[in-house]
Each structure stands twice: as C-alpha cells, then as structure tokens.
file final.txt (compact mmCIF, C-alpha atoms)
# COMPACT_ATOMS: atom_id res chain seq x y z
CA MET A 988 69.86 -41.78 -4.42
CA ASN A 989 72.30 -44.38 -3.16
CA GLN A 990 74.51 -43.77 -0.14
CA GLN A 991 77.08 -46.03 1.44
CA TYR A 992 77.33 -46.50 5.16
CA ASP A 993 80.20 -48.11 7.07
CA ASP A 994 79.29 -47.58 10.72
CA TRP A 995 75.85 -49.05 11.36
CA PRO A 996 74.10 -48.03 14.60
CA GLN A 997 74.01 -50.80 17.19
CA TRP A 998 70.23 -50.96 17.34
CA TRP A 999 70.15 -52.06 13.69
CA ASN A 1000 71.44 -55.50 14.68
CA GLU A 1001 68.12 -57.10 13.77
CA VAL A 1002 68.30 -55.66 10.26
CA ARG A 1003 71.88 -56.86 9.89
CA ARG A 1004 71.05 -60.41 10.94
CA GLN A 1005 68.07 -60.65 8.62
CA LYS A 1006 69.92 -59.18 5.66
CA PHE A 1007 73.30 -60.85 6.10
CA GLY A 1008 72.89 -63.66 8.61
CA SER A 1009 75.09 -61.82 11.10
CA GLU A 1010 75.38 -58.43 12.79
CA THR A 1011 78.17 -57.37 10.46
CA PRO A 1012 77.08 -56.38 6.94
CA PRO A 1013 79.45 -56.48 3.97
CA ARG A 1014 81.55 -53.33 4.01
CA ARG A 1015 80.25 -50.50 1.84
CA TYR A 1016 76.78 -52.06 1.70
CA GLU A 1017 74.67 -49.83 -0.52
CA ILE A 1018 71.28 -48.53 0.64
CA THR A 1019 68.84 -46.56 -1.46
CA VAL A 1020 67.85 -43.33 0.30
CA PRO A 1021 64.72 -41.46 -0.87
CA SER A 1022 65.21 -38.42 -3.05
CA ILE A 1023 64.00 -35.28 -1.28
CA THR A 1024 64.42 -31.55 -1.82
CA ALA A 1025 66.02 -30.61 1.52
CA HIS A 1026 69.60 -29.42 1.04
CA THR A 1027 70.57 -30.93 4.39
CA TRP A 1028 68.80 -33.41 6.66
CA VAL A 1029 69.36 -35.89 9.45
CA ILE A 1030 67.58 -38.63 11.39
CA LEU A 1031 68.48 -39.51 15.00
CA ASP A 1032 67.26 -42.26 17.28
CA ALA A 1033 65.19 -40.21 19.74
CA GLN A 1034 65.84 -42.69 22.54
CA THR A 1035 69.63 -42.72 22.36
CA GLY A 1036 70.51 -39.63 20.31
CA ARG A 1037 72.49 -41.83 17.92
CA LEU A 1038 72.83 -40.77 14.30
CA ILE A 1039 70.89 -43.02 11.93
CA TRP A 1040 71.41 -41.26 8.61
CA GLY A 1041 71.87 -37.86 7.10
CA LYS A 1042 72.90 -35.75 4.16
CA ASN A 1043 75.19 -32.75 4.65
CA GLU A 1044 74.10 -32.91 8.29
CA HIS A 1045 77.12 -30.89 9.47
CA SER A 1046 76.67 -28.14 6.88
CA ASN A 1047 76.39 -24.78 8.64
CA ARG A 1048 73.42 -22.59 7.71
CA GLU A 1049 70.63 -20.42 9.09
CA ILE A 1050 67.75 -22.29 10.77
CA ALA A 1051 65.05 -19.58 11.00
CA SER A 1052 62.43 -20.09 13.73
CA ILE A 1053 63.79 -23.47 14.77
CA THR A 1054 65.95 -21.14 16.88
CA LYS A 1055 62.93 -20.85 19.18
CA SER A 1056 63.48 -24.46 20.28
CA MET A 1057 66.59 -23.27 22.11
CA THR A 1058 64.69 -20.26 23.48
CA ALA A 1059 62.08 -22.61 24.96
CA TYR A 1060 64.71 -25.09 26.19
CA VAL A 1061 66.72 -22.44 28.04
CA THR A 1062 63.59 -20.94 29.58
CA ILE A 1063 62.28 -24.28 30.84
CA LYS A 1064 65.70 -25.26 32.23
CA ILE A 1065 65.90 -21.99 34.18
CA CYS A 1066 62.43 -22.67 35.56
CA GLU A 1067 63.52 -26.12 36.66
CA GLN A 1068 66.68 -24.83 38.32
CA LEU A 1069 64.84 -22.08 40.21
CA LYS A 1070 61.71 -24.17 40.88
CA ILE A 1071 59.59 -21.64 39.01
CA ASP A 1072 56.02 -22.65 38.17
CA PRO A 1073 55.34 -21.28 34.64
CA THR A 1074 51.63 -21.08 35.42
CA GLN A 1075 52.28 -18.72 38.34
CA VAL A 1076 54.84 -16.35 36.79
CA THR A 1077 53.48 -13.34 34.93
CA VAL A 1078 55.46 -11.78 32.09
CA SER A 1079 55.01 -8.26 30.74
CA VAL A 1080 55.45 -7.33 27.09
CA SER A 1081 57.55 -4.33 26.03
CA GLU A 1082 56.94 -2.00 23.13
CA TYR A 1083 60.09 -3.28 21.45
CA ALA A 1084 58.90 -6.90 21.61
CA THR A 1085 55.71 -5.97 19.77
CA GLN A 1086 57.71 -4.29 17.02
CA ILE A 1087 59.67 -7.40 16.07
CA GLY A 1088 58.72 -8.30 12.51
CA GLY A 1089 57.81 -11.66 11.02
CA THR A 1090 55.50 -14.25 12.54
CA SER A 1091 53.61 -12.97 15.56
CA SER A 1092 51.53 -14.14 18.50
CA ASN A 1093 49.68 -10.79 18.33
CA LEU A 1094 50.97 -9.37 21.60
CA GLN A 1095 50.53 -5.70 22.46
CA GLU A 1096 52.65 -3.35 24.52
CA GLY A 1097 51.75 -3.69 28.19
CA ASP A 1098 50.22 -7.17 27.83
CA SER A 1099 50.55 -9.37 30.89
CA LEU A 1100 50.31 -13.15 30.60
CA THR A 1101 51.73 -16.23 32.28
CA LEU A 1102 55.02 -17.71 31.21
CA LEU A 1103 53.21 -20.90 30.22
CA ASP A 1104 51.00 -18.87 27.90
CA LEU A 1105 54.02 -17.10 26.46
CA LEU A 1106 55.81 -20.39 25.77
CA HIS A 1107 52.80 -21.51 23.74
CA GLY A 1108 52.85 -18.18 21.89
CA LEU A 1109 56.49 -18.86 21.14
CA MET A 1110 56.18 -22.41 19.84
CA LEU A 1111 52.69 -22.67 18.27
CA PRO A 1112 52.26 -19.56 16.07
CA SER A 1113 56.04 -19.05 16.18
CA GLY A 1114 55.70 -15.63 17.75
CA ASN A 1115 58.81 -13.50 17.36
CA ASP A 1116 57.19 -11.11 19.83
CA SER A 1117 56.90 -13.93 22.37
CA ALA A 1118 60.54 -14.85 21.84
CA GLN A 1119 61.66 -11.28 22.47
CA ALA A 1120 59.44 -10.92 25.55
CA ILE A 1121 60.86 -14.12 27.06
CA ALA A 1122 64.43 -13.06 26.31
CA GLU A 1123 63.93 -9.61 27.82
CA ASN A 1124 62.31 -10.86 31.03
CA PHE A 1125 64.69 -13.74 31.67
CA GLY A 1126 67.61 -11.66 30.45
CA VAL A 1127 67.18 -9.36 33.44
CA TYR A 1128 67.55 -12.30 35.80
CA LEU A 1129 70.59 -13.59 33.91
CA TYR A 1130 72.13 -10.13 34.01
CA PHE A 1131 71.94 -10.05 37.80
CA GLN A 1132 73.57 -13.48 37.91
CA SER A 1133 76.39 -12.52 35.57
CA LYS A 1134 79.93 -11.49 36.45
CA TYR A 1135 79.30 -8.19 34.69
CA PHE A 1136 76.60 -7.10 37.12
CA GLN A 1137 78.70 -4.74 39.23
CA GLN A 1138 80.49 -3.24 36.25
CA LYS A 1139 77.52 -2.85 33.91
CA ILE A 1140 74.71 -1.40 36.00
CA ASP A 1141 73.22 1.14 33.64
CA SER A 1142 71.49 3.34 36.20
CA ILE A 1143 70.11 3.33 39.73
CA ASP A 1144 67.02 5.25 40.76
CA ASN A 1145 67.91 6.34 44.28
CA ASP A 1146 64.29 7.02 45.13
CA ASN A 1147 63.14 3.42 44.78
CA ASN A 1148 66.39 1.54 44.22
CA THR A 1149 65.27 0.41 40.76
CA ILE A 1150 68.00 -0.94 38.52
CA HIS A 1151 67.50 -0.50 34.77
CA VAL A 1152 69.13 -2.98 32.42
CA ASN A 1153 69.72 -1.97 28.81
CA ASN A 1154 69.07 -4.66 26.21
CA PRO A 1155 68.47 -7.55 28.65
CA ALA A 1156 67.79 -9.93 25.73
CA GLN A 1157 71.55 -10.02 25.02
CA TYR A 1158 72.12 -11.89 28.30
CA PHE A 1159 69.49 -14.43 27.37
CA VAL A 1160 71.10 -14.96 23.97
CA ALA A 1161 74.45 -15.42 25.72
CA GLU A 1162 72.82 -18.15 27.80
CA MET A 1163 71.51 -19.76 24.62
CA ASN A 1164 75.07 -19.93 23.28
CA ALA A 1165 76.45 -21.20 26.59
CA THR A 1166 73.79 -23.91 26.58
CA ALA A 1167 74.66 -24.87 23.01
CA GLN A 1168 78.26 -25.43 24.10
CA LYS A 1169 77.17 -27.46 27.13
CA LEU A 1170 75.10 -29.71 24.87
CA GLY A 1171 78.00 -30.19 22.46
CA LEU A 1172 76.42 -28.21 19.62
CA SER A 1173 79.78 -27.05 18.37
CA ASN A 1174 78.52 -25.69 15.04
CA THR A 1175 75.73 -23.58 16.52
CA TYR A 1176 75.69 -19.87 17.32
CA PHE A 1177 72.74 -17.59 18.11
CA THR A 1178 72.43 -13.83 17.72
CA ASN A 1179 68.76 -13.50 18.63
CA PRO A 1180 66.01 -15.51 20.39
CA HIS A 1181 63.65 -15.78 17.40
CA GLY A 1182 65.65 -16.77 14.33
CA LEU A 1183 64.99 -13.79 12.06
CA ALA A 1184 67.55 -13.59 9.29
CA ASN A 1185 71.09 -12.97 10.50
CA ARG A 1186 74.08 -14.52 8.76
CA LEU A 1187 75.71 -15.19 12.15
CA ASN A 1188 72.66 -17.02 13.55
CA ARG A 1189 73.59 -20.50 12.32
CA SER A 1190 73.50 -24.19 13.09
CA THR A 1191 73.45 -27.58 11.35
CA ALA A 1192 70.82 -30.26 10.87
CA TYR A 1193 72.79 -32.50 13.24
CA ASP A 1194 73.09 -29.86 15.97
CA VAL A 1195 69.39 -29.02 15.68
CA ALA A 1196 68.51 -32.70 16.01
CA LYS A 1197 70.70 -33.04 19.10
CA LEU A 1198 69.03 -30.00 20.64
CA CYS A 1199 65.63 -31.55 19.96
CA TYR A 1200 66.82 -34.83 21.48
CA TYR A 1201 67.60 -33.06 24.75
CA ALA A 1202 64.56 -30.77 24.61
CA MET A 1203 62.10 -33.63 24.18
CA LYS A 1204 63.30 -35.06 27.48
CA LEU A 1205 61.68 -32.05 29.18
CA PRO A 1206 58.00 -32.93 29.78
CA LEU A 1207 56.83 -29.33 29.45
CA PHE A 1208 58.65 -28.85 26.14
CA ALA A 1209 57.22 -32.10 24.75
CA GLN A 1210 53.73 -31.13 25.90
CA ILE A 1211 53.87 -27.70 24.28
CA VAL A 1212 55.21 -28.78 20.88
CA ARG A 1213 52.56 -31.46 20.43
CA THR A 1214 49.72 -29.03 21.23
CA LYS A 1215 47.64 -28.23 18.15
CA GLU A 1216 45.64 -25.27 19.50
CA TYR A 1217 45.90 -23.08 22.57
CA SER A 1218 44.03 -20.08 23.96
CA CYS A 1219 44.80 -17.78 26.88
CA THR A 1220 43.56 -14.61 28.55
CA VAL A 1221 45.80 -11.55 28.40
CA THR A 1222 45.40 -8.50 30.65
CA ASN A 1223 46.36 -4.96 29.76
CA LEU A 1224 45.49 -1.79 31.70
CA GLY A 1225 42.66 -3.53 33.48
CA GLN A 1226 41.19 -4.93 30.27
CA THR A 1227 41.27 -8.56 29.17
CA ARG A 1228 41.22 -10.25 25.79
CA VAL A 1229 41.55 -13.83 24.59
CA LEU A 1230 44.32 -14.94 22.24
CA LYS A 1231 44.00 -18.15 20.22
CA TRP A 1232 46.93 -19.82 18.53
CA GLU A 1233 47.29 -22.74 16.12
CA ASN A 1234 50.44 -24.79 15.72
CA THR A 1235 52.25 -24.10 12.45
CA ASN A 1236 53.35 -27.76 12.36
CA LYS A 1237 50.85 -29.44 10.02
CA LEU A 1238 52.38 -32.88 10.59
CA LEU A 1239 50.70 -33.04 13.98
CA GLU A 1240 47.70 -34.21 11.96
CA GLN A 1241 49.73 -37.12 10.58
CA GLY A 1242 51.05 -38.82 13.71
CA PHE A 1243 54.06 -36.61 14.39
CA SER A 1244 54.50 -35.16 17.90
CA GLY A 1245 56.27 -31.79 17.41
CA ILE A 1246 58.75 -29.95 17.28
CA LYS A 1247 59.21 -26.72 15.26
CA THR A 1248 58.81 -25.14 11.86
CA GLY A 1249 60.91 -22.36 10.40
CA VAL A 1250 61.26 -20.32 7.24
CA THR A 1251 63.13 -17.22 6.08
CA ASN A 1252 64.45 -16.30 2.65
CA ASP A 1253 68.00 -17.21 3.66
CA ALA A 1254 67.21 -20.38 5.63
CA GLY A 1255 64.51 -21.67 3.31
CA PRO A 1256 61.62 -23.80 4.60
CA CYS A 1257 62.77 -25.92 7.55
CA LEU A 1258 61.27 -28.44 9.95
CA ALA A 1259 62.43 -30.30 13.04
CA SER A 1260 60.17 -33.23 13.90
CA HIS A 1261 59.62 -35.94 16.48
CA PHE A 1262 57.94 -39.17 15.42
CA ILE A 1263 56.94 -42.23 17.44
CA SER A 1264 56.41 -45.48 15.54
CA ARG A 1265 55.46 -48.94 16.74
CA LYS A 1266 58.98 -49.77 17.86
CA HIS A 1267 61.05 -46.60 17.97
CA SER A 1268 61.00 -42.84 18.14
CA TYR A 1269 62.92 -40.57 15.82
CA ILE A 1270 64.20 -37.00 15.59
CA LEU A 1271 64.13 -35.70 12.01
CA VAL A 1272 65.42 -32.38 10.70
CA VAL A 1273 65.10 -31.06 7.14
CA LEU A 1274 66.63 -27.69 6.23
CA ASN A 1275 66.15 -25.55 3.12
CA CYS A 1276 63.43 -27.53 1.35
CA ASN A 1277 62.02 -26.37 -1.98
CA SER A 1278 58.84 -24.98 -0.45
CA LYS A 1279 56.90 -24.78 2.81
CA GLU A 1280 54.61 -27.56 1.60
CA GLN A 1281 57.51 -29.70 0.42
CA ARG A 1282 59.01 -29.87 3.94
CA TRP A 1283 55.98 -31.95 5.00
CA VAL A 1284 56.48 -34.26 2.01
CA ASP A 1285 60.23 -34.57 2.59
CA SER A 1286 59.74 -35.39 6.27
CA CYS A 1287 57.09 -38.02 5.60
CA ARG A 1288 59.22 -39.68 2.93
CA LEU A 1289 62.18 -39.93 5.28
CA ILE A 1290 60.09 -41.31 8.13
CA ASP A 1291 58.43 -43.86 5.83
CA TRP A 1292 61.87 -44.91 4.64
CA VAL A 1293 63.55 -45.25 8.04
CA THR A 1294 60.62 -47.11 9.61
CA ASP A 1295 60.41 -49.41 6.61
CA ILE A 1296 64.09 -50.28 6.57
CA TYR A 1297 64.13 -51.17 10.25
CA GLU A 1298 60.64 -52.11 11.35
CA LYS A 1299 59.32 -54.02 8.34
CA GLN A 1300 62.20 -56.38 7.76

call {"tool": "encode", "arguments": {"input": "final.txt", "output": "structure tokens"}}
result
Amino acid sequence: MNQQYDDWPQWWNEVRRQKFGSETPPRRYEITVPSITAHTWVILDAQTGRLIWGKNEHSNREIASITKSMTAYVTIKICEQLKIDPTQVTVSVSEYATQIGGTSSNLQEGDSLTLLDLLHGLMLPSGNDSAQAIAENFGVYLYFQSKYFQQKIDSIDNDNNTIHVNNPAQYFVAEMNATAQKLGLSNTYFTNPHGLANRLNRSTAYDVAKLCYYAMKLPLFAQIVRTKEYSCTVTNLGQTRVLKWENTNKLLEQGFSGIKTGVTNDAGPCLASHFISRKHSYILVVLNCNSKEQRWVDSCRLIDWVTDIYEKQ
C-alpha cells in the first residue's frame, strides 16, 4: 500500500538528507506502507508524542480492554496527587465487581488485596473485576471531592455516621472522561472502567496512542505493563489464597515493553504497544485486526517497517 505524506516529522531529518540531499523531500513523496489487517492504526514517537504515520487514526470506534489503560492512569495519578503508596493501601472487592463478565482476575466477594496487586490484576490478565473494584473504591473518594457531595448523599447512618454512596464507579468514570479532556483526547469517551461492549465507550487509534504516551511517563504504569507474570496473596474472612496472573500481551516475548491488549465482538482484536529500538521508542496502536493472533503480526510488521525506514538508512 502506498501513502503520500506532506508533513514529515522533524526527527526524520536524517532520512530526508540521505534520500534527497536536504531536509526537504520532494512534495508528495511516495512511501510504501506495509499491508496489515487492522482497520485503523497509528505510530507515535514515544519520546515526543509526535505522529509518525497512521491509517484512519482519527476514526472513532470501540477499544475494548485498552480502556483499562485510562483506568490505571487515573488511579496512579490520584495516588501521586495524594501521596498514596499503592503497596500500603488495601482494597476490598464487592459482590458486583465479581459479577462483571468477560476476562477476569478471579477475584471473589470480600477479597482484600493491595492496590498494587489490583493494578496488576487489571493490566496483566485484563481483569474486568479488578477494573470495577478500582472504580468503586476510588469513586467513593471522588464522590466526596465532587460538587455534588452535599446534594447527593444517599443515606447517613446516625449510629456510626457512615455515608453510603450508590454506584461510586460512576464518579471514577467521570474522572476518566475529565482526564481524557485534559490530555486533549477529544474523540474519546468512556462509559465504564473496563471496556466491555458499549457503543458509547469509544476512542480513536490516535487518542489511544496519546494516552499511552502520557501513561508511559509514569514509572509505576510502565513497570506494570512490562511485567510478564505476577502473583499476590489475597485475604478473605481470615483465609488467604495466592493468585497468579500472566500478561495477555504476547509481544513481551519479542522485545516490546507493554502496554495493553483488548478484544470484543464490536471492537475486534486490538493492541496498544510500546517498543524501544536502538535509537528510538515508539507507541503503536492497531484496532480491529482480523484475529487475536493477527494483531501480533500487524504490530511486528509496522515496527519492522518504521525502524527500517528511519534507523537503517
């Protein structure tokens, strides 16, 4: 497939000089882009956030469990702002969280585990239950910080001054959307913290890549998404059990360093990736590939192409 590109990124100056003897290529210079199955894709420079190349990168569509990248980003940013140590904060799991369908981190009602553990359950096995548990717990805090607090207190137990908040996850999702706007993700909207099918839960390859660009600047996020396996101890009613999770991202075995997989019937197989080469680092997003296996192939082809066109000149 041939595409034509008018506005070359500044860091391609070396390529321009070697190809054309100057930094300015002939207008409408034609470059052959590899043929892949993804309906929409994009590559960003992970150091600057600059767009390198893409196809239909602003096309709005569902992104499945890549949604969890925003869930993790918002959670870690709140921890930074409040100086919360994720290894010291314990999160409890509700019955509702365990009933969320789809991919699971095998949590049970009443489980208690650290926030750090829960973040791994979110991003490695892509636990929808972990996403809901995070949203519920942090949603309570966000509710108390919101302007609706005084007007929307659901009930007060006068015996122990306990305040009950109905559907706290909605306040977390609102924070996800507020964060998307702050980051300039103008074509992104979330309706849940996990990415299960919802026609209103949408983004674009470009917006996802920008989110990943910002998220990878957080050391904890980068550490979690490059982790291949993780185990933790969960307590429940005085009993303990060990949970073990494997990362769904199979490209970690091929030199990639995160970020998130995703698949639903409506979104199709998706993948957001981070790759570090000899000279540069890249953010790559492929959405709606032909199959779950094909997303690995598509991503590798694009990375081989972009590193070849810049780094092997």

call {"tool": "residues_around", "arguments": {"input": "final.txt", "residues": "A:His1261", "least_positions_apart": "6", "cutoff": "10 Å", "atoms": "all atoms listed in the file", "output": "NGL selection string"}}
result
:A and (1030-1033 or 1196 or 1199-1200 or 1203 or 1209 or 1212-1213 or 1238-1239 or 1242-1247 or 1268-1272 or 1290)

call {"tool": "closest_residue", "arguments": {"input": "final.txt", "among": "A:Ile1018, A:Ala1165, A:Ala1051, A:Cys1219", "to": "A:Pro1256", "atoms": "all atoms listed in the file"}}
result
A:Ala1051

call {"tool": "residues_around", "arguments": {"input": "final.txt", "residues": "A:Asp1285", "least_positions_apart": "2", "cutoff": "12 Å", "atoms": "all atoms listed in the file", "output": "number ranges by chain"}}
result
A: 1020-1029, 1238, 1256-1260, 1271-1283, 1287-1292

call {"tool": "closest_residue", "arguments": {"input": "final.txt", "among": "A:Glu1240, A:Glu1123, A:Asp1194, A:Glu1067", "to": "A:Phe1159", "atoms": "all atoms listed in the file"}}
result
A:Glu1123

call {"tool": "atom_distance", "arguments": {"input": "final.txt", "atom1": "atom CA of A:Arg1228", "atom2": "atom CA of A:Asp1116"}}
result
17.1 Å

call {"tool": "closest_residue", "arguments": {"input": "final.txt", "among": "A:Arg1186, A:Gln1034, A:Leu1069, A:Gln1132", "to": "A:Ile1263", "atoms": "only C-alpha atoms"}}
result
A:Gln1034

call {"tool": "residues_around", "arguments": {"input": "final.txt", "residues": "A:Phe1177", "least_positions_apart": "3", "cutoff": "7 Å", "atoms": "only C-alpha atoms", "output": "list of chain:residue names"}}
result
A:Val1160, A:Met1163, A:Asn1164, A:Asn1188, A:Arg1189

call {"tool": "residues_near_point", "arguments": {"input": "final.txt", "point": "(63.3, -21.8, 15.7)", "cutoff": "8 Å", "atoms": "only C-alpha atoms", "output": "PyMOL selection string"}}
result
chain A and resi 1050-1057+1113+1181-1182+1247-1249

call {"tool": "atom_distance", "arguments": {"input": "final.txt", "atom1": "atom CA of A:Asn1179", "atom2": "atom CA of A:Ser1091"}}
result
15.5 Å

call {"tool": "atom_distance", "arguments": {"input": "final.txt", "atom1": "atom CA of A:Leu1170", "atom2": "atom CA of A:Tyr1060"}}
result
11.4 Å

call {"tool": "closest_residue", "arguments": {"input": "final.txt", "among": "A:Ser1092, A:Asn1154, A:Ala1059, A:Leu1105", "to": "A:Thr1077", "atoms": "only C-alpha atoms"}}
result
A:Leu1105

call {"tool": "residues_around", "arguments": {"input": "final.txt", "residues": "A:Ile1063", "least_positions_apart": "3", "cutoff": "10 Å", "atoms": "all atoms listed in the file", "output": "list of chain:residue names"}}
result
A:Met1057, A:Thr1058, A:Ala1059, A:Tyr1060, A:Cys1066, A:Glu1067, A:Gln1068, A:Leu1069, A:Ile1071, A:Asp1072, A:Pro1073, A:Leu1102, A:Leu1103, A:Leu1106, A:Ala1202, A:Leu1205, A:Pro1206, A:Leu1207, A:Phe1208

call {"tool": "write_last_selection", "arguments": {"input": "final.txt", "atoms": "C-alpha atoms", "output": "CSV table (one decimal), in the frame of the given file"}}
result
chain,number,residue,atom,x,y,z
A,1057,MET,CA,66.6,-23.3,22.1
A,1058,THR,CA,64.7,-20.3,23.5
A,1059,ALA,CA,62.1,-22.6,25.0
A,1060,TYR,CA,64.7,-25.1,26.2
A,1066,CYS,CA,62.4,-22.7,35.6
A,1067,GLU,CA,63.5,-26.1,36.7
A,1068,GLN,CA,66.7,-24.8,38.3
A,1069,LEU,CA,64.8,-22.1,40.2
A,1071,ILE,CA,59.6,-21.6,39.0
A,1072,ASP,CA,56.0,-22.6,38.2
A,1073,PRO,CA,55.3,-21.3,34.6
A,1102,LEU,CA,55.0,-17.7,31.2
A,1103,LEU,CA,53.2,-20.9,30.2
A,1106,LEU,CA,55.8,-20.4,25.8
A,1202,ALA,CA,64.6,-30.8,24.6
A,1205,LEU,CA,61.7,-32.0,29.2
A,1206,PRO,CA,58.0,-32.9,29.8
A,1207,LEU,CA,56.8,-29.3,29.4
A,1208,PHE,CA,58.6,-28.8,26.1
